[in-house]
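S.K.: Contents are mmCIF, C-alpha atoms; file name model_8.cif:
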```
data_protein
#
loop_
_atom_site.group_PDB
_atom_site.id
_atom_site.type_symbol
_atom_site.label_atom_id
_atom_site.label_comp_id
_atom_site.auth_asym_id
_atom_site.auth_seq_id
_atom_site.Cartn_x
_atom_site.Cartn_y
_atom_site.Cartn_z
ATOM 1 C CA MET A 1 0.000 0.000 0.000
ATOM 2 C CA PRO A 2 1.485 3.395 -0.972
ATOM 3 C CA VAL A 3 2.305 5.905 1.732
ATOM 4 C CA MET A 4 -0.119 8.826 1.791
ATOM 5 C CA GLN A 5 1.508 12.226 1.343
ATOM 6 C CA ASP A 6 0.875 14.762 4.082
ATOM 7 C CA SER A 7 -2.156 16.912 3.342
ATOM 8 C CA ILE A 8 -1.969 20.679 3.726
ATOM 9 C CA PHE A 9 -3.816 20.205 7.040
ATOM 10 C CA THR A 10 -1.274 17.673 8.305
ATOM 11 C CA LYS A 11 1.471 20.158 7.401
ATOM 12 C CA ILE A 12 -0.406 22.857 9.345
ATOM 13 C CA ILE A 13 -0.799 20.555 12.364
ATOM 14 C CA LYS A 14 2.937 19.736 12.234
ATOM 15 C CA GLY A 15 3.767 23.462 12.121
ATOM 16 C CA GLU A 16 5.278 23.244 8.620
ATOM 17 C CA ILE A 17 2.706 25.766 7.350
ATOM 18 C CA PRO A 18 1.590 28.669 9.586
ATOM 19 C CA SER A 19 -2.001 28.950 10.756
ATOM 20 C CA TYR A 20 -4.206 31.043 13.001
ATOM 21 C CA LYS A 21 -4.914 28.439 15.643
ATOM 22 C CA ILE A 22 -8.169 28.647 17.577
ATOM 23 C CA TYR A 23 -7.986 25.364 19.504
ATOM 24 C CA GLU A 24 -5.819 22.273 19.899
ATOM 25 C CA ASP A 25 -5.989 19.109 21.961
ATOM 26 C CA SER A 26 -4.486 15.644 21.599
ATOM 27 C CA LYS A 27 -6.857 14.653 18.757
ATOM 28 C CA THR A 28 -7.973 17.850 17.026
ATOM 29 C CA TYR A 29 -6.694 21.126 15.655
ATOM 30 C CA ALA A 30 -8.853 24.140 14.747
ATOM 31 C CA PHE A 31 -7.742 27.203 12.813
ATOM 32 C CA LEU A 32 -9.121 30.089 10.773
ATOM 33 C CA ASP A 33 -9.811 29.507 7.086
ATOM 34 C CA ILE A 34 -7.629 31.872 5.011
ATOM 35 C CA HIS A 35 -10.437 32.116 2.432
ATOM 36 C CA PRO A 36 -13.318 32.704 4.847
ATOM 37 C CA ASP A 37 -16.935 32.750 3.736
ATOM 38 C CA ARG A 38 -17.442 35.108 6.695
ATOM 39 C CA PRO A 39 -15.074 36.546 9.336
ATOM 40 C CA GLY A 40 -14.366 33.836 11.897
ATOM 41 C CA HIS A 41 -14.797 30.919 9.431
ATOM 42 C CA THR A 42 -12.975 28.109 11.239
ATOM 43 C CA LEU A 43 -11.779 24.654 10.159
ATOM 44 C CA VAL A 44 -11.727 21.799 12.681
ATOM 45 C CA VAL A 45 -9.602 18.796 11.698
ATOM 46 C CA PRO A 46 -8.625 15.537 13.358
ATOM 47 C CA LYS A 47 -4.897 15.152 13.815
ATOM 48 C CA VAL A 48 -5.086 11.746 12.139
ATOM 49 C CA GLN A 49 -5.126 12.174 8.364
ATOM 50 C CA ILE A 50 -8.197 10.331 7.088
ATOM 51 C CA GLU A 51 -9.811 11.348 3.801
ATOM 52 C CA LYS A 52 -13.487 10.642 4.534
ATOM 53 C CA PHE A 53 -15.309 11.438 7.770
ATOM 54 C CA TYR A 54 -17.051 8.061 7.751
ATOM 55 C CA ASP A 55 -13.664 6.325 7.792
ATOM 56 C CA LEU A 56 -12.747 7.904 11.125
ATOM 57 C CA SER A 57 -12.897 5.635 14.154
ATOM 58 C CA ASP A 58 -16.069 6.174 16.167
ATOM 59 C CA ASP A 59 -13.970 7.664 18.949
ATOM 60 C CA ASP A 60 -12.210 10.141 16.617
ATOM 61 C CA PHE A 61 -15.486 11.068 14.898
ATOM 62 C CA SER A 62 -17.265 11.630 18.223
ATOM 63 C CA HIS A 63 -14.376 13.703 19.518
ATOM 64 C CA LEU A 64 -14.279 15.797 16.342
ATOM 65 C CA MET A 65 -18.000 16.527 16.606
ATOM 66 C CA LEU A 66 -17.855 17.332 20.327
ATOM 67 C CA VAL A 67 -14.934 19.719 19.781
ATOM 68 C CA SER A 68 -16.776 21.322 16.838
ATOM 69 C CA LYS A 69 -19.812 21.811 19.078
ATOM 70 C CA LYS A 70 -17.633 23.398 21.790
ATOM 71 C CA ILE A 71 -15.956 25.753 19.322
ATOM 72 C CA ALA A 72 -19.251 26.662 17.588
ATOM 73 C CA ARG A 73 -20.874 27.542 20.910
ATOM 74 C CA HIS A 74 -17.846 29.664 21.826
ATOM 75 C CA MET A 75 -17.901 31.384 18.425
ATOM 76 C CA GLU A 76 -21.602 32.194 18.827
ATOM 77 C CA ASP A 77 -20.966 33.645 22.298
ATOM 78 C CA VAL A 78 -18.063 35.779 21.035
ATOM 79 C CA LEU A 79 -19.441 36.816 17.647
ATOM 80 C CA GLY A 80 -23.156 36.957 18.467
ATOM 81 C CA GLN A 81 -24.065 34.956 15.367
ATOM 82 C CA ARG A 82 -25.459 31.494 14.760
ATOM 83 C CA ILE A 83 -22.780 29.092 13.492
ATOM 84 C CA ILE A 84 -23.315 26.781 10.520
ATOM 85 C CA LEU A 85 -21.462 23.457 10.282
ATOM 86 C CA HIS A 86 -20.430 21.993 6.920
ATOM 87 C CA ILE A 87 -18.582 18.774 6.167
ATOM 88 C CA ILE A 88 -17.658 19.166 2.521
ATOM 89 C CA GLY A 89 -14.706 16.817 2.036
ATOM 90 C CA ALA A 90 -13.955 17.375 -1.638
ATOM 91 C CA ASP A 91 -11.103 19.867 -1.685
ATOM 92 C CA VAL A 92 -8.516 18.382 0.723
ATOM 93 C CA PRO A 93 -7.989 14.645 1.365
ATOM 94 C CA HIS A 94 -8.227 15.151 5.136
ATOM 95 C CA VAL A 95 -11.490 15.225 7.099
ATOM 96 C CA HIS A 96 -12.412 18.744 8.099
ATOM 97 C CA ILE A 97 -15.405 20.590 9.439
ATOM 98 C CA HIS A 98 -16.231 24.154 8.457
ATOM 99 C CA LEU A 99 -17.766 26.337 11.175
ATOM 100 C CA VAL A 100 -19.127 29.476 9.529
ATOM 101 C CA PRO A 101 -20.859 32.425 11.216
ATOM 102 C CA ALA A 102 -24.288 32.755 9.590
ATOM 103 C CA ASN A 103 -25.527 35.734 7.663
ATOM 104 C CA PRO A 104 -28.346 34.649 5.338
ATOM 105 C CA LYS A 105 -28.277 37.969 3.464
ATOM 106 C CA HIS A 106 -24.599 37.677 2.526
ATOM 107 C CA VAL A 107 -23.549 34.786 0.282
ATOM 108 C CA PRO A 108 -20.428 35.758 -1.677
ATOM 109 C CA SER A 109 -19.808 34.000 -4.971
ATOM 110 C CA GLU A 110 -16.067 33.921 -4.314
ATOM 111 C CA PRO A 111 -14.917 34.290 -0.716
ATOM 112 C CA PRO A 112 -12.418 37.104 -0.188
ATOM 113 C CA GLN A 113 -9.049 36.303 1.352
ATOM 114 C CA ALA A 114 -8.677 37.680 4.853
ATOM 115 C CA SER A 115 -5.707 39.913 5.629
ATOM 116 C CA GLU A 116 -2.972 38.800 8.021
ATOM 117 C CA GLU A 117 -4.141 41.422 10.511
ATOM 118 C CA GLU A 118 -7.795 40.286 10.327
ATOM 119 C CA LEU A 119 -6.747 36.659 10.847
ATOM 120 C CA ALA A 120 -4.470 37.519 13.801
ATOM 121 C CA VAL A 121 -7.181 39.584 15.527
ATOM 122 C CA MET A 122 -9.841 36.911 14.994
ATOM 123 C CA ALA A 123 -7.533 34.085 16.148
ATOM 124 C CA LYS A 124 -6.805 35.956 19.372
ATOM 125 C CA LYS A 125 -10.501 36.657 19.856
ATOM 126 C CA LEU A 126 -11.582 33.024 19.381
ATOM 127 C CA GLN A 127 -8.766 31.030 21.029
ATOM 128 C CA ILE A 128 -9.881 28.467 23.596
ATOM 129 C CA LYS A 129 -7.710 26.782 26.206
ATOM 130 C CA SER A 130 -7.935 22.992 25.896
#
```
Rewrite the structure of this file - the entire thing - as structure tokens.
M.R.:
Amino acid sequence: MPVMQDSIFTKIIKGEIPSYKIYEDSKTYAFLDIHPDRPGHTLVVPKVQIEKFYDLSDDDFSHLMLVSKKIARHMEDVLGQRIILHIIGADVPHVHIHLVPANPKHVPSEPPQASEEELAVMAKKLQIKS
């Protein structure tokens, strides 16, 4: 069986690519999306690189969902907006959950890239101690 190359998310988790970390524990890593649909758009990924969410162990899947719930609740408290959860799974071969602050009146056709300053401010605002 061929060895799977590290995904961009695995490289982020390993610190090979910088990120705006929101949360980390022994099984998950959460960081701001650099192409956010809305300010605060966060990705939650398991540290184990698995391509499809249904291939995660039950324990890893449950943990990923519980952490996503914790982060979404925190985001709602901080940002004052409902948080939408998406599991898309087509763009990166590594399970990831999108947590996006909701604004039903604003649906951009192409998400703008956030500035370094915007990402740094939002990361500081949303960080959670594990």
S.K.: Quick check, in Å to one decimal: how far apart do CA of Asp59 (chain A) and CA of Lys129 (chain A) lie?
M.R.: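 According to the coordinates, CA of Asp59 (chain A) and CA of Lys129 (chain A) are separated by 21.4 Å.
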S.K.: From the list A:Leu85, A:Ser19, A:Asp77, A:Leu126, which residue is nearest His98 (chain A) when using all atoms listed in the file?
M.R.: A:Leu85
S.K.: Need the shell around Ile12 (chain A): protein/DNA/RNA residues with any atom at most 12 Å away, counting all atoms listed in the file. Skip same-chain ones fewer than 4 positions apart. Format as a list in words?
M.R.: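 Within the cut-off, the hits are Asp6, Ser7, Ile8, Glu16, Ile17, Pro18, Ser19, Tyr20, Lys21, Glu24, Thr28, Tyr29, Ala30, Phe31, Leu32, Asp33, Leu43, Val44, Val45, Pro46, Lys47, Gln49 and His94 of chain A.
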S.K.: Could you tell me how far CA of Ala114 (chain A) lies from CA of Pro101 (chain A), in Å and to one decimal?
M.R.: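 Distance between the two atoms: 14.7 Å.
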S.K.: Go through A:Val48, A:Ile128, A:Ala120, A:Met75 one by one, measure the shortest atom-to-atom distance of each to Ile13 (chain A) using all atoms listed in the file, and give the residue with the smallest value.
M.R.: A:Val48
S.K.: Excluding Leu79 (chain A) and residues on its chain fewer than 3 positions from it, collect all residues at most 12 Å away from it, counting only C-alpha atoms, and give them as a PyMOL selection string.
M.R.: chain A and resi 38-41+71-76+82-83+100-103+122+125-126
S.K.: Mind giving me the straight-line distance from CA of Ala90 (chain A) to CA of Gly15 (chain A) in Å, one decimal?
M.R.: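 Separation between CA of Ala90 (chain A) and CA of Gly15 (chain A): 23.2 Å.
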S.K.: With all atoms listed in the file as the basis for distance, which of A:Gln81, A:Asp55, A:Pro112, A:His63 is at the shortest distance from Pro93 (chain A)?
M.R.: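 For Pro93 (chain A), the nearest of the given residues is A:Asp55.
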S.K.: With the PyMOL selection byres ((chain A and resi 52) around 8) as the selection, what would be picked from this file? Answer as a PDB file with C-alpha atoms, in the coordinates of the input, please.
M.R.:
```pdb
ATOM      1  CA  ILE A  50      -8.197  10.331   7.088  1.00  0.00           C
ATOM      2  CA  GLU A  51      -9.811  11.348   3.801  1.00  0.00           C
ATOM      3  CA  PHE A  53     -15.309  11.438   7.770  1.00  0.00           C
ATOM      4  CA  TYR A  54     -17.051   8.061   7.751  1.00  0.00           C
ATOM      5  CA  ASP A  55     -13.664   6.325   7.792  1.00  0.00           C
ATOM      6  CA  LEU A  56     -12.747   7.904  11.125  1.00  0.00           C
ATOM      7  CA  GLY A  89     -14.706  16.817   2.036  1.00  0.00           C
ATOM      8  CA  PRO A  93      -7.989  14.645   1.365  1.00  0.00           C
ATOM      9  CA  HIS A  94      -8.227  15.151   5.136  1.00  0.00           C
ATOM     10  CA  VAL A  95     -11.490  15.225   7.099  1.00  0.00           C
TER      11      VAL A  95
END
```
S.K.: My list of candidates is A:Thr10, A:Ser68, A:Gln113, A:Ser57. Which is closest to Ile34 (chain A) when distances are computed with only C-alpha atoms?
M.R.: A:Gln113
S.K.: Build an axis-aligned box that encloses every atom of region 39-42 of chain A listed in the file, pad it by 3 Å on each side, and report its centre and edge lengths in Å to one decimal, as JSON.
M.R.:
```
{"center_x": -14.0, "center_y": 32.3, "center_z": 10.6, "size_x": 8.1, "size_y": 14.4, "size_z": 8.6}
```
